[in-house]
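See structure below.
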There are 2 protein chains.
Amino acid sequence: MINSEKFSVAKNPTLEDAATIIGKVLVNKKTLIIVGNFRVKYDGRASSNLEYGERILIVKSDGAILIHRSFGYEPVNWQPPGSILHVQKKSNILEISAIRRNPRETLKVSFDKIFMISTFSLDDFADFNLFASEKDMHKAILLKPSLIEQGFKPISYEKKVDPGFIDVYGVDKNGKLVVIEVKRRIAGKDAVLQLAKYVTAIKSKSDRDIRGILVAPNISKGIQTLLFSLDLEFIALDPKKCANLLKKPEDKKLELFF
Amino acid sequence: MINSEKFSVAKNPTLEDAATIIGKVLVNKKTLIIVGNFRVKYDGRASSNLEYGERILIVKSDGAILIHRSFGYEPVNWQPPGSILHVQKKSNILEISAIRRNPRETLKVSFDKIFMISTFSLDDFADFNLFASEKDMHKAILLKPSLIEQGFKPISYEKKVDPGFIDVYGVDKNGKLVVIEVKRRIAGKDAVLQLAKYVTAIKSKSDRDIRGILVAPNISKGIQTLLFSLDLEFIALDPKKCANLLKKPEDKKLELFF
DNA sequence: ACATACATCTCGCGA
DNA sequence: TCGCGAGGTGTATGT
């Protein structure tokens, strides 16, 4: 089969040849990399214009489209997976457009020169594993509640309350209710307000004393005073440390929980 | 000059040849695209592991690194611009590592097969123009305050108050103070609470009546009641409409403001 | 360097 | 489908 080849690369193809190659790729769900001179117009939630320049266009097998300049982490324009593509050869211009629904957004790429067009059938079935996420911190706290303080006992996890979900909910050694908001980064103003929101929500439904604890690797500078004024507490916890704790083979019983 | 060529492409290079090519690229600040079979290890704020699979690696001329699988909008691993790269040929493995400082993070890519390696000198000096940002909405309101309501007069822009910055601050036709929070998307609970925070901050420093107005294309479903209970108002404003308003050649005096 | 807020944020989860 | 919150968020803009 012609299309079973692992990859193909064409240097300085004509725009007609490129159009043919792209047409086949769209049918065969391959991944496409084009480098050339083109401009980009986007219209949707916002709109943008980028005049001609030499850039990289990637079309993935799931319909995701990325346009990258020679600098910067972020794509300058894009379309998410599931977008519908069309290719069209106009006079001296090769036009690729991608449409997304909900929200309706259109992306139009106009090439006047293609340096390289390459197509690939990429086999990639590996799992991606990330450690030290906020969820790892949740797990670590449930596994070893003393990370919070001696005598802390978790009651529920991701408890639903009026304004949202409480990360961890429990009681301290004195029987006081404890609401915990966990952040994997240095916690700022928003985190404090989020915690305050949950604490007031619980308070409005109970007469018991409530402690609100912000758990994060650190808090930003001006926040300590805000914390005190809202009668909230801070406990330092490092996400990497939590991840290492979970890697230990002992106490795998936690798996049952998730 | 050997290195003055626009681009180069090699198919199925040996890992030694690839290492040579990459070494030159790092010196010449070109943009590099490699497609091959590799694994990725990351360690920094978090850590991750991705076993061998066929993927795309891009190294930009500013040191940004992107690793893309054949699906999804986001890179599975990356390093931001300014990262320091090293390339090393081990037995049957080509290793590219990238280090970032502050935070210190390391990325290690190990190739056992390269399908294609290509290098490019991309000329791209075009301006990227985006319309319908939140800032465009701010500008439109200052240009045409009646977008809020008849008789509204803006006083200040991005006014600093205790908990942060007020987007737009002014007085209505009755002389009441008006605090405006602008969102370019459908506004949710967080936007309402943010506005409430500013209003209470202003109230605590003045005895005058304060109106808090949330300006956005729409508000999420359950929010109307919350708004009323906090005595706040909502005014619909579409970011695209604001952008079109700014495109009109008339009233360019606003430029002076920014 | 640190803190704050925006983003065409994207993505996943739950109702 | 909508709403909400996490993210190795990144990026710009202050201080």
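Order determines the names: the first chain of the structure tokens is A, the second B, and so forth; residues in each chain are numbered 1 upward, and ligands are numbered 1 upward as they are shown.
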- Query: What's the 8 Å shell around region 1-7 of chain C, counting only C-alpha atoms (C1' of nucleotides), without same-chain residues fewer than 4 positions away, as a PyMOL selection string?
  - Reply: (chain A and resi 220) or (chain B and resi 134+164)
Those same residues - N, CA and C atoms - I'd like them written as a compact mmCIF listing (two decimals), in the first residue's frame.
```txt
# COMPACT_ATOMS: atom_id res chain seq x y z
N SER A 220 2.45 33.46 49.31
CA SER A 220 3.08 34.69 48.83
C SER A 220 3.13 35.72 49.95
N GLU B 134 -9.66 41.43 26.57
CA GLU B 134 -10.31 42.18 27.65
C GLU B 134 -9.87 43.64 27.61
N GLY B 164 -6.51 44.64 44.99
CA GLY B 164 -6.00 44.46 43.63
C GLY B 164 -6.29 45.67 42.76
```
Per residue of chain A within 12 Å of chain C, which atom pair is closest and at what distance in Å (one decimal), using only C-alpha atoms (C1' of nucleotides), listed by chain and increasing number, as JSON lines?
```
{"residue": "A:Tyr42", "atom": "CA", "partner": "C:DT8", "partner_atom": "C1'", "distance": 8.6}
{"residue": "A:Asp43", "atom": "CA", "partner": "C:DT8", "partner_atom": "C1'", "distance": 8.4}
{"residue": "A:Gly44", "atom": "CA", "partner": "C:DT8", "partner_atom": "C1'", "distance": 6.8}
{"residue": "A:Arg45", "atom": "CA", "partner": "C:DT8", "partner_atom": "C1'", "distance": 5.5}
{"residue": "A:Ala46", "atom": "CA", "partner": "C:DT8", "partner_atom": "C1'", "distance": 5.5}
{"residue": "A:Ser47", "atom": "CA", "partner": "C:DT8", "partner_atom": "C1'", "distance": 7.4}
{"residue": "A:Ser48", "atom": "CA", "partner": "C:DT8", "partner_atom": "C1'", "distance": 8.9}
{"residue": "A:Glu74", "atom": "CA", "partner": "C:DC9", "partner_atom": "C1'", "distance": 10.5}
{"residue": "A:Pro75", "atom": "CA", "partner": "C:DT8", "partner_atom": "C1'", "distance": 11.4}
{"residue": "A:Val76", "atom": "CA", "partner": "C:DT8", "partner_atom": "C1'", "distance": 10.4}
{"residue": "A:Asn77", "atom": "CA", "partner": "C:DT8", "partner_atom": "C1'", "distance": 8.5}
{"residue": "A:Trp78", "atom": "CA", "partner": "C:DT8", "partner_atom": "C1'", "distance": 8.6}
{"residue": "A:Gln79", "atom": "CA", "partner": "C:DT8", "partner_atom": "C1'", "distance": 9.0}
{"residue": "A:Pro80", "atom": "CA", "partner": "C:DT10", "partner_atom": "C1'", "distance": 8.7}
{"residue": "A:Pro81", "atom": "CA", "partner": "C:DT10", "partner_atom": "C1'", "distance": 10.7}
{"residue": "A:Arg100", "atom": "CA", "partner": "C:DT8", "partner_atom": "C1'", "distance": 11.6}
{"residue": "A:Pro103", "atom": "CA", "partner": "C:DT8", "partner_atom": "C1'", "distance": 9.8}
{"residue": "A:Arg104", "atom": "CA", "partner": "C:DT8", "partner_atom": "C1'", "distance": 10.8}
{"residue": "A:Glu105", "atom": "CA", "partner": "C:DT8", "partner_atom": "C1'", "distance": 8.6}
{"residue": "A:Thr106", "atom": "CA", "partner": "C:DT8", "partner_atom": "C1'", "distance": 10.5}
{"residue": "A:Leu107", "atom": "CA", "partner": "C:DT8", "partner_atom": "C1'", "distance": 10.7}
{"residue": "A:Glu158", "atom": "CA", "partner": "C:DG14", "partner_atom": "C1'", "distance": 11.6}
{"residue": "A:Lys160", "atom": "CA", "partner": "C:DG14", "partner_atom": "C1'", "distance": 10.8}
{"residue": "A:Gly164", "atom": "CA", "partner": "C:DG14", "partner_atom": "C1'", "distance": 11.1}
{"residue": "A:Phe165", "atom": "CA", "partner": "C:DG14", "partner_atom": "C1'", "distance": 10.9}
{"residue": "A:Ile186", "atom": "CA", "partner": "C:DA3", "partner_atom": "C1'", "distance": 10.5}
{"residue": "A:Ala187", "atom": "CA", "partner": "C:DA3", "partner_atom": "C1'", "distance": 10.6}
{"residue": "A:Gly188", "atom": "CA", "partner": "C:DA3", "partner_atom": "C1'", "distance": 8.0}
{"residue": "A:Lys189", "atom": "CA", "partner": "C:DT4", "partner_atom": "C1'", "distance": 8.7}
{"residue": "A:Asp190", "atom": "CA", "partner": "C:DT4", "partner_atom": "C1'", "distance": 9.7}
{"residue": "A:Ile219", "atom": "CA", "partner": "C:DA3", "partner_atom": "C1'", "distance": 10.8}
{"residue": "A:Ser220", "atom": "CA", "partner": "C:DA3", "partner_atom": "C1'", "distance": 7.3}
{"residue": "A:Lys221", "atom": "CA", "partner": "C:DA3", "partner_atom": "C1'", "distance": 8.1}
{"residue": "A:Gly222", "atom": "CA", "partner": "C:DA3", "partner_atom": "C1'", "distance": 8.8}
{"residue": "A:Ile223", "atom": "CA", "partner": "C:DA3", "partner_atom": "C1'", "distance": 10.4}
```
Considering only alpha helix (DSSP H) as DSSP defines it on the backbone, what residues of region 22-138 of chain A qualify? List them as a PDB file with N, CA and C atoms, in the first residue's frame.
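states.pdb written:
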```pdb
ATOM      1  N   ILE A  22      -1.463  16.915   1.099  1.00  0.00           N
ATOM      2  CA  ILE A  22      -2.311  17.253   2.232  1.00  0.00           C
ATOM      3  C   ILE A  22      -3.667  16.559   2.121  1.00  0.00           C
ATOM      4  N   GLY A  23      -4.197  16.538   0.914  1.00  0.00           N
ATOM      5  CA  GLY A  23      -5.479  15.861   0.703  1.00  0.00           C
ATOM      6  C   GLY A  23      -5.428  14.416   1.154  1.00  0.00           C
ATOM      7  N   LYS A  24      -4.341  13.733   0.824  1.00  0.00           N
ATOM      8  CA  LYS A  24      -4.197  12.332   1.244  1.00  0.00           C
ATOM      9  C   LYS A  24      -4.074  12.211   2.750  1.00  0.00           C
ATOM     10  N   VAL A  25      -3.335  13.128   3.350  1.00  0.00           N
ATOM     11  CA  VAL A  25      -3.134  13.080   4.799  1.00  0.00           C
ATOM     12  C   VAL A  25      -4.468  13.210   5.532  1.00  0.00           C
ATOM     13  N   LEU A  26      -5.326  14.088   5.039  1.00  0.00           N
ATOM     14  CA  LEU A  26      -6.606  14.312   5.705  1.00  0.00           C
ATOM     15  C   LEU A  26      -7.442  13.035   5.689  1.00  0.00           C
ATOM     16  N   VAL A  27      -7.316  12.288   4.611  1.00  0.00           N
ATOM     17  CA  VAL A  27      -8.056  11.031   4.521  1.00  0.00           C
ATOM     18  C   VAL A  27      -7.454   9.985   5.445  1.00  0.00           C
ATOM     19  N   ASN A  28      -6.113   9.923   5.460  1.00  0.00           N
ATOM     20  CA  ASN A  28      -5.437   8.831   6.171  1.00  0.00           C
ATOM     21  C   ASN A  28      -5.116   9.138   7.627  1.00  0.00           C
ATOM     22  N   GLU A 134      -1.473  18.178  42.267  1.00  0.00           N
ATOM     23  CA  GLU A 134      -2.244  18.473  43.465  1.00  0.00           C
ATOM     24  C   GLU A 134      -2.953  17.221  43.972  1.00  0.00           C
ATOM     25  N   LYS A 135      -3.365  16.368  43.036  1.00  0.00           N
ATOM     26  CA  LYS A 135      -4.035  15.122  43.415  1.00  0.00           C
ATOM     27  C   LYS A 135      -3.099  14.231  44.228  1.00  0.00           C
ATOM     28  N   ASP A 136      -1.824  14.230  43.889  1.00  0.00           N
ATOM     29  CA  ASP A 136      -0.846  13.479  44.678  1.00  0.00           C
ATOM     30  C   ASP A 136      -0.787  14.018  46.103  1.00  0.00           C
ATOM     31  N   MET A 137      -0.929  15.316  46.242  1.00  0.00           N
ATOM     32  CA  MET A 137      -0.927  15.904  47.586  1.00  0.00           C
ATOM     33  C   MET A 137      -2.173  15.443  48.363  1.00  0.00           C
ATOM     34  N   HIS A 138      -3.310  15.442  47.688  1.00  0.00           N
ATOM     35  CA  HIS A 138      -4.531  14.945  48.332  1.00  0.00           C
ATOM     36  C   HIS A 138      -4.316  13.521  48.845  1.00  0.00           C
TER      37      HIS A 138
END
```
Dump as a Markdown table the rows for residues of chain A within 7 Å of chain B: closest atom pair and distance in Å with one decimal, only C-alpha atoms counted, ordered by chain and rising residue number.
```
| residue | atom | partner | partner_atom | distance |
| --- | --- | --- | --- | --- |
| A:Thr31 | CA | B:Ser70 | CA | 6.3 |
| A:Ala46 | CA | B:Ala132 | CA | 5.0 |
| A:Ser47 | CA | B:Phe131 | CA | 5.2 |
| A:Ser48 | CA | B:Leu130 | CA | 4.3 |
| A:Asn49 | CA | B:Asn129 | CA | 5.4 |
| A:Leu50 | CA | B:Phe128 | CA | 5.0 |
| A:Glu51 | CA | B:Ala126 | CA | 5.6 |
| A:Tyr52 | CA | B:Ala126 | CA | 6.7 |
| A:Gly53 | CA | B:Asp124 | CA | 4.4 |
| A:Glu54 | CA | B:Leu122 | CA | 5.2 |
| A:Arg55 | CA | B:Leu122 | CA | 6.5 |
| A:Lys60 | CA | B:Ser70 | CA | 5.4 |
| A:Ser61 | CA | B:Ser70 | CA | 5.9 |
| A:Asp62 | CA | B:Phe71 | CA | 5.5 |
| A:Ala64 | CA | B:Tyr73 | CA | 5.8 |
| A:Ser70 | CA | B:Lys60 | CA | 5.4 |
| A:Phe71 | CA | B:Asp62 | CA | 5.5 |
| A:Gly72 | CA | B:Pro81 | CA | 5.9 |
| A:Tyr73 | CA | B:Pro80 | CA | 5.6 |
| A:Pro80 | CA | B:Tyr73 | CA | 5.6 |
| A:Pro81 | CA | B:Gly72 | CA | 5.9 |
| A:Leu122 | CA | B:Glu54 | CA | 5.2 |
| A:Asp123 | CA | B:Glu54 | CA | 5.4 |
| A:Asp124 | CA | B:Gly53 | CA | 4.4 |
| A:Phe125 | CA | B:Gly53 | CA | 6.7 |
| A:Ala126 | CA | B:Glu51 | CA | 5.6 |
| A:Asp127 | CA | B:Leu50 | CA | 6.3 |
| A:Phe128 | CA | B:Leu50 | CA | 5.0 |
| A:Asn129 | CA | B:Asn49 | CA | 5.4 |
| A:Leu130 | CA | B:Ser48 | CA | 4.3 |
| A:Phe131 | CA | B:Ser47 | CA | 5.2 |
| A:Ala132 | CA | B:Ala46 | CA | 5.0 |
| A:Ser133 | CA | B:Ala46 | CA | 6.9 |
| A:Lys240 | CA | B:Ala46 | CA | 6.5 |
```
Taking N, CA and C atoms for each residue, export the selection above as a compact mmCIF listing (two decimals), in the first residue's frame.
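The file below, selection_12.txt, is the result:
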```txt
# COMPACT_ATOMS: atom_id res chain seq x y z
N THR A 31 -0.03 12.51 10.53
CA THR A 31 0.42 13.78 11.10
C THR A 31 1.27 14.50 10.07
N ALA A 46 -12.12 35.48 19.69
CA ALA A 46 -11.44 36.73 19.37
C ALA A 46 -11.13 36.66 17.88
N SER A 47 -10.27 37.54 17.40
CA SER A 47 -9.82 37.41 16.02
C SER A 47 -8.38 37.90 15.96
N SER A 48 -7.65 37.43 14.96
CA SER A 48 -6.25 37.82 14.86
C SER A 48 -5.80 37.82 13.42
N ASN A 49 -4.73 38.55 13.19
CA ASN A 49 -4.13 38.60 11.87
C ASN A 49 -2.62 38.53 12.00
N LEU A 50 -2.02 37.71 11.17
CA LEU A 50 -0.57 37.57 11.14
C LEU A 50 -0.14 37.54 9.69
N GLU A 51 0.60 38.55 9.26
CA GLU A 51 1.00 38.63 7.85
C GLU A 51 2.07 37.59 7.51
N TYR A 52 2.48 37.59 6.25
CA TYR A 52 3.39 36.56 5.77
C TYR A 52 4.70 36.50 6.55
N GLY A 53 5.12 35.30 6.78
CA GLY A 53 6.38 35.04 7.46
C GLY A 53 6.66 33.54 7.40
N GLU A 54 7.89 33.15 7.71
CA GLU A 54 8.29 31.75 7.62
C GLU A 54 8.04 31.06 8.95
N ARG A 55 7.20 30.05 8.94
CA ARG A 55 6.77 29.39 10.17
C ARG A 55 6.53 27.91 9.97
N LYS A 60 -2.16 17.49 13.39
CA LYS A 60 -2.06 16.18 14.02
C LYS A 60 -3.17 15.25 13.53
N SER A 61 -3.03 13.98 13.86
CA SER A 61 -3.97 12.99 13.33
C SER A 61 -5.36 13.15 13.94
N ASP A 62 -5.48 13.85 15.05
CA ASP A 62 -6.79 14.06 15.65
C ASP A 62 -7.41 15.40 15.23
N ALA A 64 -5.93 18.38 15.51
CA ALA A 64 -5.35 19.55 16.17
C ALA A 64 -4.39 20.25 15.21
N SER A 70 9.34 30.96 15.09
CA SER A 70 10.66 30.44 15.46
C SER A 70 11.03 30.77 16.89
N PHE A 71 10.07 31.33 17.64
CA PHE A 71 10.36 31.68 19.02
C PHE A 71 9.10 31.52 19.86
N GLY A 72 9.30 31.33 21.14
CA GLY A 72 8.19 31.27 22.08
C GLY A 72 7.67 29.87 22.33
N TYR A 73 7.15 29.69 23.51
CA TYR A 73 6.58 28.41 23.91
C TYR A 73 5.24 28.15 23.25
N PRO A 80 -8.09 23.41 18.09
CA PRO A 80 -8.02 22.24 18.97
C PRO A 80 -8.32 20.95 18.21
N PRO A 81 -8.11 19.80 18.86
CA PRO A 81 -8.44 18.52 18.23
C PRO A 81 -9.90 18.50 17.78
N LEU A 122 2.62 8.10 13.17
CA LEU A 122 3.34 7.99 14.43
C LEU A 122 2.68 6.99 15.38
N ASP A 123 3.43 5.95 15.73
CA ASP A 123 2.94 4.98 16.72
C ASP A 123 3.41 5.40 18.10
N ASP A 124 2.47 5.68 18.96
CA ASP A 124 2.84 6.19 20.28
C ASP A 124 1.77 5.78 21.28
N PHE A 125 2.02 4.66 21.96
CA PHE A 125 1.01 4.13 22.86
C PHE A 125 1.45 4.20 24.32
N ALA A 126 2.53 4.89 24.58
CA ALA A 126 3.06 4.95 25.95
C ALA A 126 2.17 5.78 26.86
N ASP A 127 2.11 5.38 28.12
CA ASP A 127 1.41 6.18 29.11
C ASP A 127 2.27 7.37 29.52
N PHE A 128 1.61 8.48 29.74
CA PHE A 128 2.31 9.64 30.29
C PHE A 128 2.01 9.72 31.77
N ASN A 129 3.05 9.67 32.58
CA ASN A 129 2.86 9.72 34.02
C ASN A 129 3.46 10.98 34.60
N LEU A 130 2.61 11.70 35.32
CA LEU A 130 3.05 12.94 35.95
C LEU A 130 2.97 12.78 37.47
N PHE A 131 4.01 13.22 38.16
CA PHE A 131 4.05 13.11 39.62
C PHE A 131 4.11 14.48 40.25
N ALA A 132 3.61 14.56 41.47
CA ALA A 132 3.63 15.80 42.24
C ALA A 132 2.54 16.77 41.80
N SER A 133 1.42 16.20 41.35
CA SER A 133 0.24 17.02 41.06
C SER A 133 -0.49 17.31 42.37
N LYS A 240 6.46 17.49 45.74
CA LYS A 240 7.42 16.44 45.39
C LYS A 240 7.56 15.44 46.54
```
Taking a cut-off of 9 Å and counting only C-alpha atoms (C1' of nucleotides), can you build a table that, for each residue of chain D near chain B, reports the nearest atom pair and how far apart they are in Å (one decimal), sorted by chain then residue number, as a tab-separated table?
```
residue	atom	partner	partner_atom	distance
D:DC2	C1'	B:Ser220	CA	8.4
D:DG3	C1'	B:Ser220	CA	7.4
D:DC4	C1'	B:Gly188	CA	8.5
D:DG8	C1'	B:Ala46	CA	5.5
D:DG10	C1'	B:Pro80	CA	8.7
```
- Task: Using only C-alpha atoms (C1' of nucleotides), determine which residues lie at most 8 Å from region 88-98 of chain B, disregarding the query and same-chain residues fewer than 3 positions distant; provide the list as a ChimeraX atom specification.
- Result: /B:15-16,19,79,83-85,106-112
Name all residues at most 6 Å from Leu232 (chain B) (count only C-alpha atoms (C1' of nucleotides); drop same-chain ones fewer than 4 positions away) and give them as a PDB file with N, CA, C and O atoms, in the first residue's frame.
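Everything below was put into result_36.pdb:
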```pdb
ATOM      1  N   GLY B 212     -21.748  48.063  42.009  1.00  0.00           N
ATOM      2  CA  GLY B 212     -20.801  47.134  41.406  1.00  0.00           C
ATOM      3  C   GLY B 212     -21.412  46.534  40.161  1.00  0.00           C
ATOM      4  O   GLY B 212     -22.496  45.966  40.215  1.00  0.00           O
ATOM      5  N   ILE B 213     -20.720  46.669  39.042  1.00  0.00           N
ATOM      6  CA  ILE B 213     -21.264  46.179  37.777  1.00  0.00           C
ATOM      7  C   ILE B 213     -20.306  45.185  37.133  1.00  0.00           C
ATOM      8  O   ILE B 213     -19.117  45.472  36.936  1.00  0.00           O
ATOM      9  N   LEU B 227     -25.698  37.334  42.211  1.00  0.00           N
ATOM     10  CA  LEU B 227     -25.526  38.753  41.902  1.00  0.00           C
ATOM     11  C   LEU B 227     -26.519  39.607  42.685  1.00  0.00           C
ATOM     12  O   LEU B 227     -26.151  40.578  43.343  1.00  0.00           O
ATOM     13  N   PHE B 228     -27.786  39.212  42.610  1.00  0.00           N
ATOM     14  CA  PHE B 228     -28.831  39.983  43.290  1.00  0.00           C
ATOM     15  C   PHE B 228     -28.598  40.011  44.790  1.00  0.00           C
ATOM     16  O   PHE B 228     -28.720  41.050  45.440  1.00  0.00           O
TER      17      PHE B 228
END
```
- In Å, rounded to a single decimal, give me how far CA of Leu195 (chain B) is from CA of Leu246 (chain B). 25.6 Å
- Can you check which residues of region 53-250 of chain A DSSP gives as strand (DSSP E) on the backbone and send them as JSON, numbers by chain? {"A": [53, 54, 55, 56, 57, 58, 59, 65, 66, 67, 68, 77, 78, 79, 84, 85, 86, 87, 88, 89, 90, 93, 94, 95, 96, 97, 98, 99, 100, 105, 106, 107, 108, 109, 110, 111, 112, 113, 114, 115, 116, 117, 118, 119, 120, 128, 129, 130, 131, 153, 154, 155, 156, 157, 158, 159, 160, 161, 164, 165, 166, 167, 168, 169, 170, 171, 177, 178, 179, 180, 181, 182, 210, 211, 212, 213, 214, 215, 216, 233, 234, 235, 236]}
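Note that CA of Asp209 (chain B) and CA of Lys176 (chain B) are 5.8 Å apart.
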